[in-house]
>>> print(open('upload_36.pdb').read())   # PDB, C-alpha atoms, pLDDT in the B column
ATOM      1  CA  MET A   1     101.380  93.703 146.316  1.00 64.00           C
ATOM      2  CA  GLY A   2     102.238  91.137 143.644  1.00 77.00           C
ATOM      3  CA  THR A   3     103.564  91.859 140.166  1.00 82.00           C
ATOM      4  CA  PRO A   4     101.064  91.563 137.276  1.00 89.00           C
ATOM      5  CA  TYR A   5     101.531  88.707 134.809  1.00 92.00           C
ATOM      6  CA  GLU A   6     103.192  89.219 131.434  1.00 92.00           C
ATOM      7  CA  ASN A   7      99.916  89.106 129.518  1.00 92.00           C
ATOM      8  CA  GLN A   8      98.436  91.793 131.786  1.00 94.00           C
ATOM      9  CA  ILE A   9     101.445  94.020 131.146  1.00 95.00           C
ATOM     10  CA  LEU A  10     101.273  93.367 127.413  1.00 95.00           C
ATOM     11  CA  GLY A  11      97.547  94.131 127.434  1.00 95.00           C
ATOM     12  CA  ALA A  12      98.192  97.440 129.170  1.00 95.00           C
ATOM     13  CA  PHE A  13     100.813  98.324 126.545  1.00 96.00           C
ATOM     14  CA  VAL A  14      98.472  97.532 123.634  1.00 95.00           C
ATOM     15  CA  PHE A  15      95.647  99.499 125.264  1.00 95.00           C
ATOM     16  CA  ALA A  16      97.905 102.529 125.807  1.00 95.00           C
ATOM     17  CA  LEU A  17      99.117 102.304 122.206  1.00 95.00           C
ATOM     18  CA  GLY A  18      95.522 102.205 120.990  1.00 92.00           C
ATOM     19  CA  VAL A  19      94.629 105.273 123.043  1.00 94.00           C
ATOM     20  CA  GLU A  20      97.547 107.248 121.620  1.00 93.00           C
ATOM     21  CA  CYS A  21      96.796 106.128 118.054  1.00 89.00           C
ATOM     22  CA  GLY A  22      93.180 107.166 118.531  1.00 88.00           C
ATOM     23  CA  LYS A  23      94.181 110.584 119.850  1.00 91.00           C
ATOM     24  CA  ALA A  24      96.501 111.094 116.877  1.00 90.00           C
ATOM     25  CA  GLY A  25      94.064 109.620 114.356  1.00 85.00           C
ATOM     26  CA  ARG A  26      96.681 107.105 113.203  1.00 84.00           C
ATOM     27  CA  PHE A  27      96.504 103.511 111.968  1.00 80.00           C
ATOM     28  CA  MET A  28      98.607 100.880 113.770  1.00 85.00           C
ATOM     29  CA  PRO A  29      98.273  97.120 113.143  1.00 89.00           C
ATOM     30  CA  ALA A  30      99.176  95.012 116.206  1.00 92.00           C
ATOM     31  CA  ASN A  31      99.666  91.244 116.092  1.00 94.00           C
ATOM     32  CA  LEU A  32      99.793  89.405 119.403  1.00 94.00           C
ATOM     33  CA  PHE A  33     101.504  85.996 119.318  1.00 93.00           C
ATOM     34  CA  GLN A  34     102.083  85.457 123.044  1.00 92.00           C
ATOM     35  CA  GLN A  35     101.212  81.894 124.123  1.00 89.00           C
ATOM     36  CA  THR A  36     100.460  80.769 120.568  1.00 88.00           C
ATOM     37  CA  PRO A  37     102.412  78.216 118.493  1.00 87.00           C
ATOM     38  CA  LEU A  38     104.055  81.165 116.726  1.00 89.00           C
ATOM     39  CA  ASP A  39     105.485  82.992 119.724  1.00 89.00           C
ATOM     40  CA  GLY A  40     108.784  81.168 119.295  1.00 88.00           C
ATOM     41  CA  THR A  41     109.151  82.774 115.870  1.00 90.00           C
ATOM     42  CA  PHE A  42     107.565  86.200 116.197  1.00 92.00           C
ATOM     43  CA  GLY A  43     107.799  86.821 119.931  1.00 91.00           C
ATOM     44  CA  ASP A  44     104.983  88.354 121.957  1.00 95.00           C
ATOM     45  CA  LEU A  45     103.922  91.334 119.861  1.00 96.00           C
ATOM     46  CA  VAL A  46     104.652  92.745 116.410  1.00 95.00           C
ATOM     47  CA  VAL A  47     103.372  96.285 116.024  1.00 94.00           C
ATOM     48  CA  GLY A  48     103.666  99.083 113.492  1.00 87.00           C
ATOM     49  CA  ALA A  49     102.521 100.144 110.048  1.00 80.00           C
ATOM     50  CA  ASP A  50     105.087 100.807 107.300  1.00 79.00           C
ATOM     51  CA  TRP A  51     107.740 100.785 110.079  1.00 85.00           C
ATOM     52  CA  CYS A  52     107.537  98.029 112.690  1.00 92.00           C
ATOM     53  CA  LEU A  53     108.897  96.714 115.981  1.00 95.00           C
ATOM     54  CA  ALA A  54     108.951  93.268 117.583  1.00 96.00           C
ATOM     55  CA  LEU A  55     108.408  93.317 121.349  1.00 96.00           C
ATOM     56  CA  GLU A  56     108.985  90.699 124.024  1.00 94.00           C
ATOM     57  CA  PHE A  57     107.501  91.116 127.505  1.00 95.00           C
ATOM     58  CA  LYS A  58     108.843  90.054 130.893  1.00 92.00           C
ATOM     59  CA  ARG A  59     106.964  90.199 134.152  1.00 89.00           C
ATOM     60  CA  GLU A  60     109.656  92.174 135.957  1.00 88.00           C
ATOM     61  CA  GLU A  61     113.172  93.441 135.551  1.00 84.00           C
ATOM     62  CA  GLY A  62     114.719  90.520 137.418  1.00 80.00           C
ATOM     63  CA  THR A  63     113.455  88.020 134.828  1.00 81.00           C
ATOM     64  CA  ILE A  64     115.214  89.596 131.836  1.00 81.00           C
ATOM     65  CA  ASP A  65     118.142  87.206 132.144  1.00 79.00           C
ATOM     66  CA  SER A  66     115.803  84.242 131.634  1.00 82.00           C
ATOM     67  CA  GLU A  67     115.554  85.174 127.952  1.00 84.00           C
ATOM     68  CA  LYS A  68     119.140  84.060 127.490  1.00 85.00           C
ATOM     69  CA  GLU A  69     118.206  80.582 128.758  1.00 85.00           C
ATOM     70  CA  LYS A  70     116.235  80.025 125.539  1.00 84.00           C
ATOM     71  CA  TRP A  71     119.502  80.031 123.603  1.00 90.00           C
ATOM     72  CA  SER A  72     122.140  77.334 123.363  1.00 89.00           C
ATOM     73  CA  LYS A  73     125.759  78.460 123.505  1.00 90.00           C
ATOM     74  CA  GLU A  74     126.221  77.646 119.807  1.00 91.00           C
ATOM     75  CA  ALA A  75     123.064  79.513 118.748  1.00 91.00           C
ATOM     76  CA  LEU A  76     124.070  82.579 120.740  1.00 92.00           C
ATOM     77  CA  GLN A  77     127.512  82.554 119.121  1.00 92.00           C
ATOM     78  CA  ALA A  78     125.889  82.352 115.684  1.00 91.00           C
ATOM     79  CA  PHE A  79     123.697  85.346 116.504  1.00 93.00           C
ATOM     80  CA  GLU A  80     126.661  87.286 117.854  1.00 92.00           C
ATOM     81  CA  GLY A  81     128.651  86.598 114.695  1.00 93.00           C
ATOM     82  CA  ASP A  82     125.889  87.784 112.354  1.00 93.00           C
ATOM     83  CA  THR A  83     126.545  91.528 112.072  1.00 92.00           C
ATOM     84  CA  LEU A  84     123.513  92.328 109.898  1.00 93.00           C
ATOM     85  CA  LEU A  85     121.207  90.425 112.219  1.00 94.00           C
ATOM     86  CA  LYS A  86     122.527  92.309 115.242  1.00 92.00           C
ATOM     87  CA  VAL A  87     122.002  95.653 113.488  1.00 92.00           C
ATOM     88  CA  ALA A  88     118.405  94.695 112.688  1.00 94.00           C
ATOM     89  CA  SER A  89     117.913  93.508 116.254  1.00 94.00           C
ATOM     90  CA  ARG A  90     119.125  96.772 117.765  1.00 92.00           C
ATOM     91  CA  ARG A  91     116.790  98.749 115.510  1.00 93.00           C
ATOM     92  CA  ALA A  92     113.591  96.789 115.815  1.00 95.00           C
ATOM     93  CA  HIS A  93     113.544  94.204 118.621  1.00 96.00           C
ATOM     94  CA  MET A  94     112.852  95.305 122.198  1.00 95.00           C
ATOM     95  CA  LEU A  95     112.300  93.556 125.513  1.00 95.00           C
ATOM     96  CA  CYS A  96     109.792  95.251 127.840  1.00 95.00           C
ATOM     97  CA  PHE A  97     109.542  94.800 131.599  1.00 94.00           C
ATOM     98  CA  SER A  98     107.809  96.306 134.620  1.00 93.00           C
ATOM     99  CA  ARG A  99     109.310  98.143 137.565  1.00 92.00           C
ATOM    100  CA  PRO A 100     107.330  98.767 140.784  1.00 90.00           C
ATOM    101  CA  THR A 101     106.296 102.272 141.817  1.00 90.00           C
ATOM    102  CA  SER A 102     104.584 103.497 144.974  1.00 88.00           C
ATOM    103  CA  ASP A 103     101.123 102.967 143.461  1.00 88.00           C
ATOM    104  CA  GLY A 104     101.631 100.488 140.607  1.00 91.00           C
ATOM    105  CA  ILE A 105     104.247  99.788 137.960  1.00 92.00           C
ATOM    106  CA  ASP A 106     106.098 101.597 135.189  1.00 94.00           C
ATOM    107  CA  LEU A 107     107.071  99.910 131.918  1.00 95.00           C
ATOM    108  CA  PHE A 108     110.517 100.098 130.356  1.00 95.00           C
ATOM    109  CA  ALA A 109     112.207  98.555 127.311  1.00 95.00           C
ATOM    110  CA  VAL A 110     115.756  97.552 126.380  1.00 94.00           C
ATOM    111  CA  ALA A 111     117.181  96.228 123.129  1.00 93.00           C
ATOM    112  CA  TYR A 112     116.729  92.464 122.843  1.00 94.00           C
ATOM    113  CA  ALA A 113     120.388  91.970 121.908  1.00 92.00           C
ATOM    114  CA  SER A 114     121.537  93.784 125.044  1.00 90.00           C
ATOM    115  CA  ALA A 115     119.236  91.583 127.153  1.00 89.00           C
ATOM    116  CA  LEU A 116     121.171  88.613 125.760  1.00 91.00           C
ATOM    117  CA  GLY A 117     124.476  90.238 126.670  1.00 89.00           C
ATOM    118  CA  LEU A 118     125.406  90.954 123.048  1.00 89.00           C
ATOM    119  CA  SER A 119     125.760  94.689 123.528  1.00 79.00           C
ATOM    120  CA  LYS A 120     128.186  96.641 125.680  1.00 75.00           C
ATOM    121  CA  SER A 121     125.514  99.156 126.664  1.00 75.00           C
ATOM    122  CA  LYS A 122     122.035  98.544 128.070  1.00 80.00           C
ATOM    123  CA  VAL A 123     120.003 101.685 127.416  1.00 87.00           C
ATOM    124  CA  GLU A 124     116.502 101.793 128.878  1.00 92.00           C
ATOM    125  CA  ILE A 125     113.589 103.632 127.315  1.00 93.00           C
ATOM    126  CA  GLU A 126     110.252 104.272 129.006  1.00 95.00           C
ATOM    127  CA  CYS A 127     107.473 102.420 127.186  1.00 95.00           C
ATOM    128  CA  ASN A 128     105.424 105.606 127.177  1.00 94.00           C
ATOM    129  CA  ARG A 129     108.194 107.153 125.103  1.00 93.00           C
ATOM    130  CA  LEU A 130     108.359 104.034 122.919  1.00 93.00           C
ATOM    131  CA  ILE A 131     104.636 104.350 122.167  1.00 94.00           C
ATOM    132  CA  GLN A 132     105.063 108.004 121.255  1.00 92.00           C
ATOM    133  CA  VAL A 133     107.901 107.076 118.896  1.00 89.00           C
ATOM    134  CA  LEU A 134     105.738 104.429 117.203  1.00 89.00           C
ATOM    135  CA  VAL A 135     102.911 106.903 116.650  1.00 89.00           C
ATOM    136  CA  HIS A 136     105.413 109.465 115.359  1.00 86.00           C
ATOM    137  CA  LEU A 137     106.843 106.968 112.863  1.00 81.00           C
ATOM    138  CA  VAL A 138     103.386 106.494 111.383  1.00 76.00           C
ATOM    139  CA  SER A 139     102.862 110.255 111.212  1.00 69.00           C
ATOM    140  CA  ASP A 140     106.270 111.319 109.869  1.00 68.00           C
ATOM    141  CA  LYS A 141     107.150 109.908 106.451  1.00 63.00           C
ATOM    142  CA  SER A 142     110.543 111.616 106.197  1.00 61.00           C
ATOM    143  CA  PRO A 143     113.621 109.352 105.901  1.00 60.00           C
ATOM    144  CA  GLU A 144     115.181 111.065 108.910  1.00 60.00           C
ATOM    145  CA  ALA A 145     112.407 109.805 111.168  1.00 55.00           C
ATOM    146  CA  LYS A 146     113.260 106.201 110.386  1.00 55.00           C
ATOM    147  CA  LYS A 147     117.018 106.124 110.885  1.00 57.00           C
ATOM    148  CA  LYS A 148     117.160 105.039 114.515  1.00 72.00           C
ATOM    149  CA  ILE A 149     114.321 102.636 115.271  1.00 85.00           C
ATOM    150  CA  GLY A 150     112.146 100.117 113.462  1.00 91.00           C
ATOM    151  CA  LEU A 151     112.278  98.186 110.183  1.00 92.00           C
ATOM    152  CA  PRO A 152     109.979  97.894 107.162  1.00 90.00           C
ATOM    153  CA  PRO A 153     107.513  95.004 107.681  1.00 90.00           C
ATOM    154  CA  GLY A 154     109.140  92.637 105.174  1.00 91.00           C
ATOM    155  CA  GLU A 155     112.590  93.139 106.696  1.00 93.00           C
ATOM    156  CA  LEU A 156     111.283  92.684 110.226  1.00 94.00           C
ATOM    157  CA  GLU A 157     109.530  89.423 109.351  1.00 92.00           C
ATOM    158  CA  ALA A 158     112.688  88.142 107.638  1.00 93.00           C
ATOM    159  CA  TYR A 159     114.752  89.101 110.702  1.00 95.00           C
ATOM    160  CA  LEU A 160     112.398  87.301 113.092  1.00 94.00           C
ATOM    161  CA  ARG A 161     112.385  84.126 111.014  1.00 92.00           C
ATOM    162  CA  LYS A 162     116.183  84.089 110.767  1.00 92.00           C
ATOM    163  CA  LEU A 163     116.472  84.713 114.495  1.00 93.00           C
ATOM    164  CA  ALA A 164     114.152  81.782 115.164  1.00 91.00           C
ATOM    165  CA  SER A 165     116.243  79.637 112.833  1.00 90.00           C
ATOM    166  CA  TYR A 166     119.384  80.379 114.860  1.00 89.00           C
ATOM    167  CA  ARG A 167     117.637  79.770 118.153  1.00 84.00           C
ATOM    168  CA  ARG A 168     116.214  76.454 117.029  1.00 79.00           C
ATOM    169  CA  GLN A 169     119.273  75.539 114.948  1.00 57.00           C
ATOM    170  CA  GLY A 170     117.142  74.854 111.906  1.00 52.00           C
ATOM    171  CA  GLY A 171     113.712  75.949 110.685  1.00 51.00           C
ATOM    172  CA  GLY A 172     112.319  79.435 110.650  1.00 54.00           C
ATOM    173  CA  GLY A 173     108.883  78.842 112.091  1.00 57.00           C
ATOM    174  CA  ARG A 174     105.425  78.195 110.686  1.00 69.00           C
ATOM    175  CA  TYR A 175     103.421  80.423 108.400  1.00 80.00           C
ATOM    176  CA  ALA A 176     101.292  83.064 110.076  1.00 87.00           C
ATOM    177  CA  THR A 177      98.096  84.956 109.413  1.00 89.00           C
ATOM    178  CA  TRP A 178      98.575  88.668 110.060  1.00 89.00           C
ATOM    179  CA  LEU A 179      95.710  91.034 110.752  1.00 88.00           C
ATOM    180  CA  ALA A 180      94.873  94.697 111.145  1.00 84.00           C
ATOM    181  CA  VAL A 181      91.804  96.399 112.572  1.00 81.00           C
ATOM    182  CA  ALA A 182      90.542  99.764 111.382  1.00 72.00           C
ATOM    183  CA  LYS A 183      87.496 101.957 111.850  1.00 70.00           C
ATOM    184  CA  SER A 184      85.018 101.910 108.979  1.00 73.00           C
ATOM    185  CA  GLY A 185      81.991 104.123 109.402  1.00 77.00           C
ATOM    186  CA  ASP A 186      80.190 103.216 112.618  1.00 82.00           C
ATOM    187  CA  SER A 187      81.803  99.780 112.773  1.00 86.00           C
ATOM    188  CA  PHE A 188      85.248  98.256 112.293  1.00 82.00           C
ATOM    189  CA  LYS A 189      86.904  95.894 109.844  1.00 82.00           C
ATOM    190  CA  ILE A 190      89.488  93.165 110.345  1.00 85.00           C
ATOM    191  CA  ARG A 191      91.641  92.394 107.330  1.00 84.00           C
ATOM    192  CA  THR A 192      94.046  89.466 107.153  1.00 87.00           C
ATOM    193  CA  SER A 193      97.087  88.564 105.069  1.00 88.00           C
ATOM    194  CA  SER A 194      99.666  85.807 104.874  1.00 87.00           C
ATOM    195  CA  SER A 195     102.536  88.284 105.255  1.00 86.00           C
ATOM    196  CA  LEU A 196     103.114  91.312 107.427  1.00 83.00           C
ATOM    197  CA  GLU A 197     104.328  93.356 104.469  1.00 82.00           C
ATOM    198  CA  GLN A 198     101.235  92.577 102.419  1.00 82.00           C
ATOM    199  CA  LEU A 199      98.938  94.108 105.010  1.00 77.00           C
ATOM    200  CA  LEU A 200     100.070  97.480 103.706  1.00 69.00           C
ATOM    201  CA  GLU A 201      99.824  96.729  99.995  1.00 66.00           C
ATOM    202  CA  PRO A 202      96.887  98.218  98.053  1.00 44.00           C
ATOM    203  CA  LEU A 203      94.047  95.928  97.143  1.00 33.00           C
ATOM    204  CA  GLN A 204      93.998  94.843  93.510  1.00 29.00           C
ATOM    205  CA  GLU A 205      91.656  97.036  91.497  1.00 30.00           C
ATOM    206  CA  ARG A 206      88.454  95.179  90.709  1.00 28.00           C
ATOM    207  CA  ALA A 207      84.794  95.916  90.108  1.00 27.00           C
ATOM    208  CA  ARG A 208      82.972  97.131  93.198  1.00 38.00           C
ATOM    209  CA  SER A 209      79.390  97.945  93.978  1.00 40.00           C
ATOM    210  CA  PRO A 210      78.645 101.540  95.076  1.00 45.00           C
ATOM    211  CA  ALA A 211      78.449 100.291  98.675  1.00 47.00           C
ATOM    212  CA  GLN A 212      81.886  98.668  98.393  1.00 44.00           C
ATOM    213  CA  GLN A 213      83.361 101.831  96.893  1.00 42.00           C
ATOM    214  CA  GLN A 214      81.958 103.889  99.744  1.00 43.00           C
ATOM    215  CA  ASP A 215      83.297 101.374 102.267  1.00 42.00           C
ATOM    216  CA  ARG A 216      86.779 101.738 100.799  1.00 38.00           C
ATOM    217  CA  SER A 217      86.583 105.528 100.909  1.00 32.00           C
ATOM    218  CA  VAL A 218      86.008 105.592 104.669  1.00 32.00           C
ATOM    219  CA  TRP A 219      88.788 103.121 105.458  1.00 31.00           C
ATOM    220  CA  ARG A 220      91.187 104.767 107.861  1.00 32.00           C
ATOM    221  CA  GLY A 221      94.876 104.273 107.202  1.00 32.00           C
ATOM    222  CA  PRO A 222      96.479 102.321 104.340  1.00 33.00           C
ATOM    223  CA  THR A 223      94.308 100.031 102.243  1.00 29.00           C
ATOM    224  CA  LEU A 224      95.019  96.459 103.265  1.00 29.00           C
ATOM    225  CA  GLY A 225      95.785  93.565 100.955  1.00 27.00           C
ATOM    226  CA  SER A 226      95.057  89.857 101.356  1.00 27.00           C
ATOM    227  CA  ARG A 227      95.722  86.671  99.462  1.00 27.00           C
ATOM    228  CA  GLU A 228      94.720  83.036  99.574  1.00 31.00           C
ATOM    229  CA  ASP A 229      97.350  80.959 101.340  1.00 31.00           C
ATOM    230  CA  ASP A 230      96.517  77.671 103.063  1.00 34.00           C
ATOM    231  CA  GLU A 231     100.105  77.062 104.129  1.00 38.00           C
ATOM    232  CA  HIS A 232      99.693  78.969 107.395  1.00 37.00           C
ATOM    233  CA  ASP A 233      97.278  76.230 108.566  1.00 37.00           C
ATOM    234  CA  ARG A 234      99.933  73.542 108.407  1.00 37.00           C
TER     235      ARG A 234
END
>>> encode(input="upload_36.pdb", output="structure tokens")
Amino acid sequence: MGTPYENQILGAFVFALGVECGKAGRFMPANLFQQTPLDGTFGDLVVGADWCLALEFKREEGTIDSEKEKWSKEALQAFEGDTLLKVASRRAHMLCFSRPTSDGIDLFAVAYASALGLSKSKVEIECNRLIQVLVHLVSDKSPEAKKKIGLPPGELEAYLRKLASYRRQGGGGRYATWLAVAKSGDSFKIRTSSSLEQLLEPLQERARSPAQQQDRSVWRGPTLGSREDDEHDR
């Protein structure tokens, strides 16, 4: 039996995350950049609410080493010499891969930096556990819950742009439109923003009709902000 493609594996991960968020009644924006012009900057998937992770996906364990081929020797040395960037990478940037089982596959993740050979240890975590941690981070607002994994959205976006700048030896990538989906009554809403951090900022107070006020009251999760920004279309 052949191994599923990366986008199939990624789709399974997002579906499983959605199921767990639904069971817990939690809100979790997910932005998929795989095979878009922005995947070189933001990777395959950026997921999380007020605490976020960037995830890359590989078809199978044996292809992890191919990630290092995207880096020149000089760029890799620059990354290795940037202590703050490595700390951010270990906290919030994971590479996921599949491993065959008797009746399918299991998904695992390792730190992106360790996949590049920039870490002495290579600790694996089951993606099922990773999903549970993500849901827990949304549920638990205590500082202790956020000491080991993830970054605030603004810090994660800054990290990803700086990483892309090193990899490309200049330039941090194009502007992006970020989105989040949430249940609203019997339907759903999709809100967009020109920054990941701004998705979680409250909307500016302004006059609303009674229908608009009711719509806001049933919004599940944080209220989402948006702003006009044509630069992401460049």
>>> atom_distance(input="upload_36.pdb", atom1="atom CA of Ala109 of chain A", atom2="atom CA of Val181 of chain A")
25.3 Å
>>> resolve_selection(input="upload_36.pdb", expression="the PyMOL selection byres ((chain A and resi 57) around 6)", output="count of residues only")
5
>>> resolve_selection(input="upload_36.pdb", expression="the PyMOL selection byres ((chain A and resi 73-80) around 12)", output="MDAnalysis selection string")
chainID A and resid 67:72 81:89 112:114 116:119 159:160 162:170
>>> write_last_selection(input="upload_36.pdb", atoms="C-alpha atoms", output="compact mmCIF listing (two decimals), in the frame of the given file")
# COMPACT_ATOMS: atom_id res chain seq x y z
CA GLU A 67 115.55 85.17 127.95
CA LYS A 68 119.14 84.06 127.49
CA GLU A 69 118.21 80.58 128.76
CA LYS A 70 116.24 80.03 125.54
CA TRP A 71 119.50 80.03 123.60
CA SER A 72 122.14 77.33 123.36
CA GLY A 81 128.65 86.60 114.70
CA ASP A 82 125.89 87.78 112.35
CA THR A 83 126.54 91.53 112.07
CA LEU A 84 123.51 92.33 109.90
CA LEU A 85 121.21 90.42 112.22
CA LYS A 86 122.53 92.31 115.24
CA VAL A 87 122.00 95.65 113.49
CA ALA A 88 118.40 94.70 112.69
CA SER A 89 117.91 93.51 116.25
CA TYR A 112 116.73 92.46 122.84
CA ALA A 113 120.39 91.97 121.91
CA SER A 114 121.54 93.78 125.04
CA LEU A 116 121.17 88.61 125.76
CA GLY A 117 124.48 90.24 126.67
CA LEU A 118 125.41 90.95 123.05
CA SER A 119 125.76 94.69 123.53
CA TYR A 159 114.75 89.10 110.70
CA LEU A 160 112.40 87.30 113.09
CA LYS A 162 116.18 84.09 110.77
CA LEU A 163 116.47 84.71 114.50
CA ALA A 164 114.15 81.78 115.16
CA SER A 165 116.24 79.64 112.83
CA TYR A 166 119.38 80.38 114.86
CA ARG A 167 117.64 79.77 118.15
CA ARG A 168 116.21 76.45 117.03
CA GLN A 169 119.27 75.54 114.95
CA GLY A 170 117.14 74.85 111.91
>>> closest_residue(input="upload_36.pdb", among="A:Ala49, A:Ala115, A:Leu55, A:Leu156", to="Cys21 of chain A", atoms="only C-alpha atoms")
A:Ala49
>>> residues_around(input="upload_36.pdb", residues="Ala30 of chain A", least_positions_apart="4", cutoff="10 Å", atoms="only C-alpha atoms", output="tab-separated table (two decimals) with C-alpha atoms, keeping the file's coordinate frame")
chain	number	residue	atom	x	y	z
A	14	VAL	CA	98.47	97.53	123.63
A	17	LEU	CA	99.12	102.30	122.21
A	18	GLY	CA	95.52	102.20	120.99
A	45	LEU	CA	103.92	91.33	119.86
A	46	VAL	CA	104.65	92.74	116.41
A	47	VAL	CA	103.37	96.28	116.02
A	48	GLY	CA	103.67	99.08	113.49
A	49	ALA	CA	102.52	100.14	110.05
A	52	CYS	CA	107.54	98.03	112.69
A	53	LEU	CA	108.90	96.71	115.98
A	178	TRP	CA	98.58	88.67	110.06
A	179	LEU	CA	95.71	91.03	110.75
A	180	ALA	CA	94.87	94.70	111.14
A	181	VAL	CA	91.80	96.40	112.57
>>> atom_distance(input="upload_36.pdb", atom1="atom CA of Glu126 of chain A", atom2="atom CA of Asp106 of chain A")
7.9 Å
>>> atom_distance(input="upload_36.pdb", atom1="atom CA of His136 of chain A", atom2="atom CA of Ile149 of chain A")
11.2 Å
>>> closest_residue(input="upload_36.pdb", among="A:Phe13, A:Asn7, A:Phe42, A:Glu60", to="Pro100 of chain A", atoms="all atoms listed in the file")
A:Glu60
>>> resolve_selection(input="upload_36.pdb", expression="the PyMOL selection byres ((chain A and resi 195) around 9)", output="CSV table (one decimal) with C-alpha atoms, keeping the file's coordinate frame")
chain,number,residue,atom,x,y,z
A,153,PRO,CA,107.5,95.0,107.7
A,154,GLY,CA,109.1,92.6,105.2
A,157,GLU,CA,109.5,89.4,109.4
A,175,TYR,CA,103.4,80.4,108.4
A,176,ALA,CA,101.3,83.1,110.1
A,177,THR,CA,98.1,85.0,109.4
A,178,TRP,CA,98.6,88.7,110.1
A,192,THR,CA,94.0,89.5,107.2
A,193,SER,CA,97.1,88.6,105.1
A,194,SER,CA,99.7,85.8,104.9
A,196,LEU,CA,103.1,91.3,107.4
A,197,GLU,CA,104.3,93.4,104.5
A,198,GLN,CA,101.2,92.6,102.4
A,199,LEU,CA,98.9,94.1,105.0
A,226,SER,CA,95.1,89.9,101.4
>>> axis_aligned_box(input="upload_36.pdb", around="segment 9-26 of chain A", padding_each_side="4 Å", output="lines of an AutoDock Vina configuration file")
center_x = 97.3
center_y = 102.2
center_z = 122.2
size_x = 16.3
size_y = 25.7
size_z = 25.9
>>> build_atoms(input="upload_36.pdb", residues="segment 102-114 of chain A", atoms="N, CA, C and O atoms", output="PDB file, keeping the file's coordinate frame")
ATOM      1  N   SER A 102     105.305 103.426 143.705  1.00 88.00           N
ATOM      2  CA  SER A 102     104.584 103.497 144.974  1.00 88.00           C
ATOM      3  C   SER A 102     103.115 103.098 144.840  1.00 88.00           C
ATOM      4  O   SER A 102     102.500 102.628 145.801  1.00 88.00           O
ATOM      5  N   ASP A 103     102.547 103.268 143.634  1.00 88.00           N
ATOM      6  CA  ASP A 103     101.123 102.967 143.461  1.00 88.00           C
ATOM      7  C   ASP A 103     100.831 102.053 142.279  1.00 88.00           C
ATOM      8  O   ASP A 103      99.703 101.947 141.821  1.00 88.00           O
ATOM      9  N   GLY A 104     101.858 101.376 141.746  1.00 91.00           N
ATOM     10  CA  GLY A 104     101.631 100.488 140.607  1.00 91.00           C
ATOM     11  C   GLY A 104     102.930 100.045 139.981  1.00 91.00           C
ATOM     12  O   GLY A 104     103.855  99.617 140.682  1.00 91.00           O
ATOM     13  N   ILE A 105     103.020 100.146 138.668  1.00 92.00           N
ATOM     14  CA  ILE A 105     104.247  99.788 137.960  1.00 92.00           C
ATOM     15  C   ILE A 105     104.481 100.782 136.834  1.00 92.00           C
ATOM     16  O   ILE A 105     103.550 101.435 136.355  1.00 92.00           O
ATOM     17  N   ASP A 106     105.719 100.905 136.418  1.00 94.00           N
ATOM     18  CA  ASP A 106     106.098 101.597 135.189  1.00 94.00           C
ATOM     19  C   ASP A 106     106.655 100.557 134.230  1.00 94.00           C
ATOM     20  O   ASP A 106     107.175  99.510 134.653  1.00 94.00           O
ATOM     21  N   LEU A 107     106.555 100.825 132.929  1.00 95.00           N
ATOM     22  CA  LEU A 107     107.071  99.910 131.918  1.00 95.00           C
ATOM     23  C   LEU A 107     108.280 100.524 131.220  1.00 95.00           C
ATOM     24  O   LEU A 107     108.270 101.705 130.871  1.00 95.00           O
ATOM     25  N   PHE A 108     109.297  99.677 131.034  1.00 95.00           N
ATOM     26  CA  PHE A 108     110.517 100.098 130.356  1.00 95.00           C
ATOM     27  C   PHE A 108     110.873  99.067 129.284  1.00 95.00           C
ATOM     28  O   PHE A 108     110.364  97.943 129.286  1.00 95.00           O
ATOM     29  N   ALA A 109     111.757  99.463 128.368  1.00 95.00           N
ATOM     30  CA  ALA A 109     112.207  98.555 127.311  1.00 95.00           C
ATOM     31  C   ALA A 109     113.707  98.694 127.117  1.00 95.00           C
ATOM     32  O   ALA A 109     114.276  99.770 127.295  1.00 95.00           O
ATOM     33  N   VAL A 110     114.342  97.571 126.756  1.00 94.00           N
ATOM     34  CA  VAL A 110     115.756  97.552 126.380  1.00 94.00           C
ATOM     35  C   VAL A 110     115.874  96.767 125.083  1.00 94.00           C
ATOM     36  O   VAL A 110     114.996  95.984 124.728  1.00 94.00           O
ATOM     37  N   ALA A 111     116.949  96.981 124.361  1.00 93.00           N
ATOM     38  CA  ALA A 111     117.181  96.228 123.129  1.00 93.00           C
ATOM     39  C   ALA A 111     117.314  94.741 123.449  1.00 93.00           C
ATOM     40  O   ALA A 111     117.947  94.356 124.437  1.00 93.00           O
ATOM     41  N   TYR A 112     116.699  93.909 122.617  1.00 94.00           N
ATOM     42  CA  TYR A 112     116.729  92.464 122.843  1.00 94.00           C
ATOM     43  C   TYR A 112     118.164  91.940 122.870  1.00 94.00           C
ATOM     44  O   TYR A 112     118.517  91.107 123.706  1.00 94.00           O
ATOM     45  N   ALA A 113     119.001  92.433 121.966  1.00 92.00           N
ATOM     46  CA  ALA A 113     120.388  91.970 121.908  1.00 92.00           C
ATOM     47  C   ALA A 113     121.133  92.284 123.200  1.00 92.00           C
ATOM     48  O   ALA A 113     121.942  91.485 123.670  1.00 92.00           O
ATOM     49  N   SER A 114     120.862  93.434 123.794  1.00 90.00           N
ATOM     50  CA  SER A 114     121.537  93.784 125.044  1.00 90.00           C
ATOM     51  C   SER A 114     121.035  92.906 126.191  1.00 90.00           C
ATOM     52  O   SER A 114     121.789  92.594 127.111  1.00 90.00           O
TER      53      SER A 114
END
